[in-house]
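Text of input-v7.cif, listed as mmCIF, C-alpha atoms, pLDDT in the B column; chains and numbers go by the auth columns:
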```
data_query
loop_
_atom_site.group_PDB
_atom_site.id
_atom_site.type_symbol
_atom_site.label_atom_id
_atom_site.label_comp_id
_atom_site.label_asym_id
_atom_site.label_seq_id
_atom_site.Cartn_x
_atom_site.Cartn_y
_atom_site.Cartn_z
_atom_site.B_iso_or_equiv
_atom_site.auth_seq_id
_atom_site.auth_asym_id
ATOM 1 C CA THR A 1 4.336 -58.178 -42.063 84.00 423 A
ATOM 2 C CA THR A 2 7.241 -60.428 -41.232 80.00 424 A
ATOM 3 C CA TYR A 3 8.085 -61.484 -37.693 81.00 425 A
ATOM 4 C CA LEU A 4 11.345 -63.051 -36.584 79.00 426 A
ATOM 5 C CA SER A 5 11.630 -65.014 -33.400 83.00 427 A
ATOM 6 C CA GLY A 6 15.421 -65.401 -33.555 84.00 428 A
ATOM 7 C CA GLY A 7 18.523 -63.753 -34.908 83.00 429 A
ATOM 8 C CA LEU A 8 19.179 -62.854 -38.511 82.00 430 A
ATOM 9 C CA ALA A 9 22.503 -63.807 -40.106 87.00 431 A
ATOM 10 C CA HIS A 10 23.882 -62.239 -43.273 89.00 432 A
ATOM 11 C CA LYS A 11 26.682 -63.623 -45.397 91.00 433 A
ATOM 12 C CA ARG A 12 30.092 -62.420 -44.161 94.00 434 A
ATOM 13 C CA GLN A 13 33.182 -62.490 -46.367 94.00 435 A
ATOM 14 C CA VAL A 14 36.588 -61.941 -44.701 95.00 436 A
ATOM 15 C CA ILE A 15 39.270 -60.430 -46.945 95.00 437 A
ATOM 16 C CA THR A 16 42.974 -60.892 -46.192 92.00 438 A
ATOM 17 C CA THR A 17 44.361 -60.015 -49.641 94.00 439 A
ATOM 18 C CA ALA A 18 45.212 -56.688 -51.298 95.00 440 A
ATOM 19 C CA LYS A 19 42.480 -56.941 -53.973 96.00 441 A
ATOM 20 C CA TYR A 20 38.965 -58.338 -53.896 97.00 442 A
ATOM 21 C CA THR A 21 35.996 -58.172 -56.247 97.00 443 A
ATOM 22 C CA ALA A 22 32.725 -58.178 -54.354 97.00 444 A
ATOM 23 C CA SER A 23 30.294 -60.936 -55.277 96.00 445 A
ATOM 24 C CA ILE A 24 26.628 -60.286 -55.936 96.00 446 A
ATOM 25 C CA ASP A 25 26.021 -62.640 -52.986 95.00 447 A
ATOM 26 C CA ASP A 26 28.161 -60.705 -50.450 97.00 448 A
ATOM 27 C CA TYR A 27 26.677 -58.584 -47.691 97.00 449 A
ATOM 28 C CA PHE A 28 29.270 -57.991 -44.940 98.00 450 A
ATOM 29 C CA ILE A 29 32.820 -57.621 -46.272 98.00 451 A
ATOM 30 C CA GLY A 30 35.282 -57.618 -43.384 97.00 452 A
ATOM 31 C CA ILE A 31 38.818 -56.412 -44.089 96.00 453 A
ATOM 32 C CA SER A 32 41.274 -58.281 -41.911 90.00 454 A
ATOM 33 C CA THR A 33 44.799 -57.284 -42.922 82.00 455 A
ATOM 34 C CA GLN A 34 47.506 -55.108 -41.437 82.00 456 A
ATOM 35 C CA ASN A 35 50.227 -55.341 -44.071 85.00 457 A
ATOM 36 C CA ASN A 36 48.807 -53.634 -47.137 89.00 458 A
ATOM 37 C CA ALA A 37 46.177 -51.297 -48.518 93.00 459 A
ATOM 38 C CA VAL A 38 43.096 -53.098 -49.821 96.00 460 A
ATOM 39 C CA GLU A 39 41.157 -52.449 -53.017 97.00 461 A
ATOM 40 C CA ILE A 40 37.552 -53.628 -53.248 97.00 462 A
ATOM 41 C CA SER A 41 35.897 -53.588 -56.682 97.00 463 A
ATOM 42 C CA LEU A 42 32.120 -53.539 -56.748 98.00 464 A
ATOM 43 C CA PRO A 43 30.166 -55.449 -59.382 97.00 465 A
ATOM 44 C CA ALA A 44 28.235 -53.523 -62.018 97.00 466 A
ATOM 45 C CA ALA A 45 25.210 -51.934 -60.368 97.00 467 A
ATOM 46 C CA SER A 46 23.019 -53.395 -63.119 97.00 468 A
ATOM 47 C CA SER A 47 23.904 -56.916 -61.917 97.00 469 A
ATOM 48 C CA LEU A 48 22.377 -56.217 -58.486 97.00 470 A
ATOM 49 C CA THR A 49 18.849 -55.840 -57.211 97.00 471 A
ATOM 50 C CA ASN A 50 17.446 -52.369 -56.529 98.00 472 A
ATOM 51 C CA GLY A 51 18.136 -51.729 -52.838 97.00 473 A
ATOM 52 C CA GLN A 52 20.870 -54.362 -52.464 97.00 474 A
ATOM 53 C CA VAL A 53 23.339 -53.502 -49.686 97.00 475 A
ATOM 54 C CA TYR A 54 27.037 -53.965 -48.939 98.00 476 A
ATOM 55 C CA VAL A 55 28.645 -53.252 -45.563 98.00 477 A
ATOM 56 C CA ILE A 56 32.442 -52.947 -45.675 98.00 478 A
ATOM 57 C CA LYS A 57 34.331 -52.857 -42.352 98.00 479 A
ATOM 58 C CA ASP A 58 37.968 -52.473 -41.287 97.00 480 A
ATOM 59 C CA GLU A 59 37.977 -55.398 -38.831 96.00 481 A
ATOM 60 C CA TYR A 60 41.713 -55.193 -38.121 94.00 482 A
ATOM 61 C CA GLY A 61 41.709 -51.479 -37.268 95.00 483 A
ATOM 62 C CA ASN A 62 44.512 -50.491 -39.617 94.00 484 A
ATOM 63 C CA ALA A 63 42.778 -48.401 -42.305 95.00 485 A
ATOM 64 C CA ASN A 64 44.619 -45.279 -41.123 94.00 486 A
ATOM 65 C CA ASN A 65 47.941 -46.912 -42.139 93.00 487 A
ATOM 66 C CA ASN A 66 46.661 -49.015 -45.036 93.00 488 A
ATOM 67 C CA ASN A 67 43.604 -47.440 -46.634 95.00 489 A
ATOM 68 C CA ILE A 68 40.654 -49.446 -47.911 97.00 490 A
ATOM 69 C CA ILE A 69 39.605 -48.169 -51.326 97.00 491 A
ATOM 70 C CA ILE A 70 36.222 -49.162 -52.742 98.00 492 A
ATOM 71 C CA TYR A 71 35.952 -48.803 -56.525 98.00 493 A
ATOM 72 C CA LYS A 72 32.941 -48.813 -58.813 97.00 494 A
ATOM 73 C CA ALA A 73 32.861 -51.582 -61.410 94.00 495 A
ATOM 74 C CA HIS A 74 35.607 -51.215 -64.007 88.00 496 A
ATOM 75 C CA GLY A 75 34.289 -49.667 -67.195 85.00 497 A
ATOM 76 C CA GLY A 76 30.759 -48.423 -67.478 86.00 498 A
ATOM 77 C CA SER A 77 29.237 -45.324 -65.922 94.00 499 A
ATOM 78 C CA ASP A 78 28.472 -46.527 -62.375 97.00 500 A
ATOM 79 C CA THR A 79 29.201 -44.117 -59.536 98.00 501 A
ATOM 80 C CA ILE A 80 29.432 -44.191 -55.755 98.00 502 A
ATOM 81 C CA ASP A 81 27.722 -40.982 -54.601 98.00 503 A
ATOM 82 C CA GLY A 82 28.840 -39.417 -57.886 97.00 504 A
ATOM 83 C CA GLN A 83 32.465 -40.578 -57.557 98.00 505 A
ATOM 84 C CA ASN A 84 34.528 -43.449 -58.982 97.00 506 A
ATOM 85 C CA SER A 85 35.727 -44.561 -55.537 98.00 507 A
ATOM 86 C CA VAL A 86 35.523 -43.968 -51.777 98.00 508 A
ATOM 87 C CA THR A 87 38.295 -44.526 -49.243 97.00 509 A
ATOM 88 C CA LEU A 88 38.152 -45.731 -45.644 96.00 510 A
ATOM 89 C CA GLN A 89 40.940 -44.083 -43.633 96.00 511 A
ATOM 90 C CA SER A 90 39.781 -44.459 -40.032 96.00 512 A
ATOM 91 C CA PRO A 91 40.768 -47.381 -37.802 96.00 513 A
ATOM 92 C CA TYR A 92 37.803 -49.767 -37.519 97.00 514 A
ATOM 93 C CA GLY A 93 35.875 -47.567 -39.955 97.00 515 A
ATOM 94 C CA SER A 94 33.027 -48.921 -42.030 98.00 516 A
ATOM 95 C CA ILE A 95 30.813 -47.888 -44.917 98.00 517 A
ATOM 96 C CA SER A 96 27.361 -49.022 -45.959 98.00 518 A
ATOM 97 C CA LEU A 97 26.343 -48.810 -49.601 98.00 519 A
ATOM 98 C CA TYR A 98 23.067 -49.503 -51.345 98.00 520 A
ATOM 99 C CA CYS A 99 22.492 -49.853 -55.063 98.00 521 A
ATOM 100 C CA ASN A 100 19.739 -48.657 -57.402 98.00 522 A
ATOM 101 C CA GLY A 101 20.073 -51.777 -59.573 97.00 523 A
ATOM 102 C CA THR A 102 20.941 -49.667 -62.610 97.00 524 A
ATOM 103 C CA ASN A 103 24.041 -47.475 -62.402 97.00 525 A
ATOM 104 C CA LYS A 104 24.567 -46.030 -58.923 98.00 526 A
ATOM 105 C CA TYR A 105 25.702 -46.875 -55.417 98.00 527 A
ATOM 106 C CA PHE A 106 24.818 -44.609 -52.506 98.00 528 A
ATOM 107 C CA VAL A 107 26.550 -44.221 -49.122 98.00 529 A
ATOM 108 C CA TYR A 108 24.194 -44.309 -46.162 95.00 530 A
#
```

Would you mind giving the structure from this file in structure tokens?
Amino acid sequence: TTYLSGGLAHKRQVITTAKYTASIDDYFIGISTQNNAVEISLPAASSLTNGQVYVIKDEYGNANNNNIIIYKAHGGSDTIDGQNSVTLQSPYGSISLYCNGTNKYFVY
């Protein structure tokens, strides 16, 4: 059993560019842009720990005009709920993904 007597902070990365490759050390990935669609590439699932999580959030509220597209790692057979990509299209939308540490990401 683990007890916390204070807050818990996770690493937050703020993205203001059109393309970003998620790091194995990222947790929260905040998208803060209004001028262009954003593409996020995930690392190979095999480079992550089983159960590792990413939370990707449209912090600017413009995903309906400029979609946020999350891609599996280039090459390889990884999937995101059986697909090669998922797209955020709702203002201030977010998605949480966890990884099996082998070849799959799952939306939860």

Would you kindly translate the PyMOL selection byres ((chain A and resi 528) around 7) into the concrete residues it picks from this file, as number ranges by chain?
-> A: 502-503, 519-521, 526-527, 529-530

Give me the result of the PyMOL selection byres ((chain A and resi 425-440) around 12) on this file, residue by residue, as a PyMOL selection string.
-> chain A and resi 423-424+441-463+475-482+488-492

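Our summary of the geometry notes that atom CA of His496 of chain A is positioned 8.3 Å from atom CA of Pro465 of chain A.
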
Report, as lines of an AutoDock Vina configuration file, the centre and edge lengths in Å (one decimal) of the axis-aligned box enclosing every listed atom of segment 493-507 of chain A, padded by 3 Å on each side.
```
center_x = 31.8
center_y = -45.5
center_z = -61.0
size_x = 14.2
size_y = 18.2
size_z = 18.9
```

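The nearest approach to Asn522 of chain A among the residues A:Ala495, A:Asp500, A:Gln505, A:Asn484, with all atoms listed in the file taken into account, belongs to A:Asp500.
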
If we count all atoms listed in the file, what is near Ser468 of chain A at a cut-off of 7 Å, once residues fewer than 6 positions away on the same chain are taken out, given as a list in words?
-> Gly523, Thr524 and Asn525 of chain A

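From atom CA of Asn487 of chain A back to atom CA of Asn506 of chain A, the distance works out to 21.8 Å.
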
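What separates atom CA of Ser469 of chain A from atom CA of Ser499 of chain A is a distance of 13.4 Å.
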
Pull N, CA and C atoms for segment 477-490 of chain A from the block and write them as a CSV table (one decimal), in the first residue's frame.
```csv
chain,number,residue,atom,x,y,z
A,477,VAL,N,-1.7,10.9,-21.9
A,477,VAL,CA,-2.9,11.7,-21.9
A,477,VAL,C,-2.6,12.9,-22.9
A,478,ILE,N,-3.4,13.0,-24.0
A,478,ILE,CA,-3.3,14.0,-25.0
A,478,ILE,C,-4.5,14.9,-24.9
A,479,LYS,N,-4.3,16.2,-24.8
A,479,LYS,CA,-5.4,17.2,-24.6
A,479,LYS,C,-5.3,18.4,-25.5
A,480,ASP,N,-6.4,18.8,-26.1
A,480,ASP,CA,-6.5,20.0,-26.8
A,480,ASP,C,-6.6,21.2,-25.9
A,481,GLU,N,-5.5,21.8,-25.4
A,481,GLU,CA,-5.6,22.9,-24.4
A,481,GLU,C,-6.0,24.2,-25.0
A,482,TYR,N,-5.9,24.4,-26.3
A,482,TYR,CA,-6.3,25.6,-26.9
A,482,TYR,C,-7.8,25.7,-27.3
A,483,GLY,N,-8.4,24.5,-27.5
A,483,GLY,CA,-9.8,24.4,-27.8
A,483,GLY,C,-10.1,24.6,-29.3
A,484,ASN,N,-9.2,24.2,-30.1
A,484,ASN,CA,-9.3,24.4,-31.6
A,484,ASN,C,-9.3,23.1,-32.4
A,485,ALA,N,-9.4,22.0,-31.8
A,485,ALA,CA,-9.3,20.7,-32.5
A,485,ALA,C,-10.5,20.6,-33.5
A,486,ASN,N,-11.6,21.3,-33.4
A,486,ASN,CA,-12.6,21.2,-34.4
A,486,ASN,C,-12.2,21.9,-35.7
A,487,ASN,N,-11.4,22.9,-35.6
A,487,ASN,CA,-10.9,23.5,-36.8
A,487,ASN,C,-9.6,22.9,-37.3
A,488,ASN,N,-8.7,22.5,-36.4
A,488,ASN,CA,-7.4,22.0,-36.7
A,488,ASN,C,-7.3,20.7,-35.9
A,489,ASN,N,-7.6,19.6,-36.5
A,489,ASN,CA,-7.6,18.3,-35.9
A,489,ASN,C,-6.2,17.9,-35.3
A,490,ILE,N,-6.3,17.1,-34.2
A,490,ILE,CA,-5.1,16.5,-33.6
A,490,ILE,C,-5.1,15.0,-34.0
```
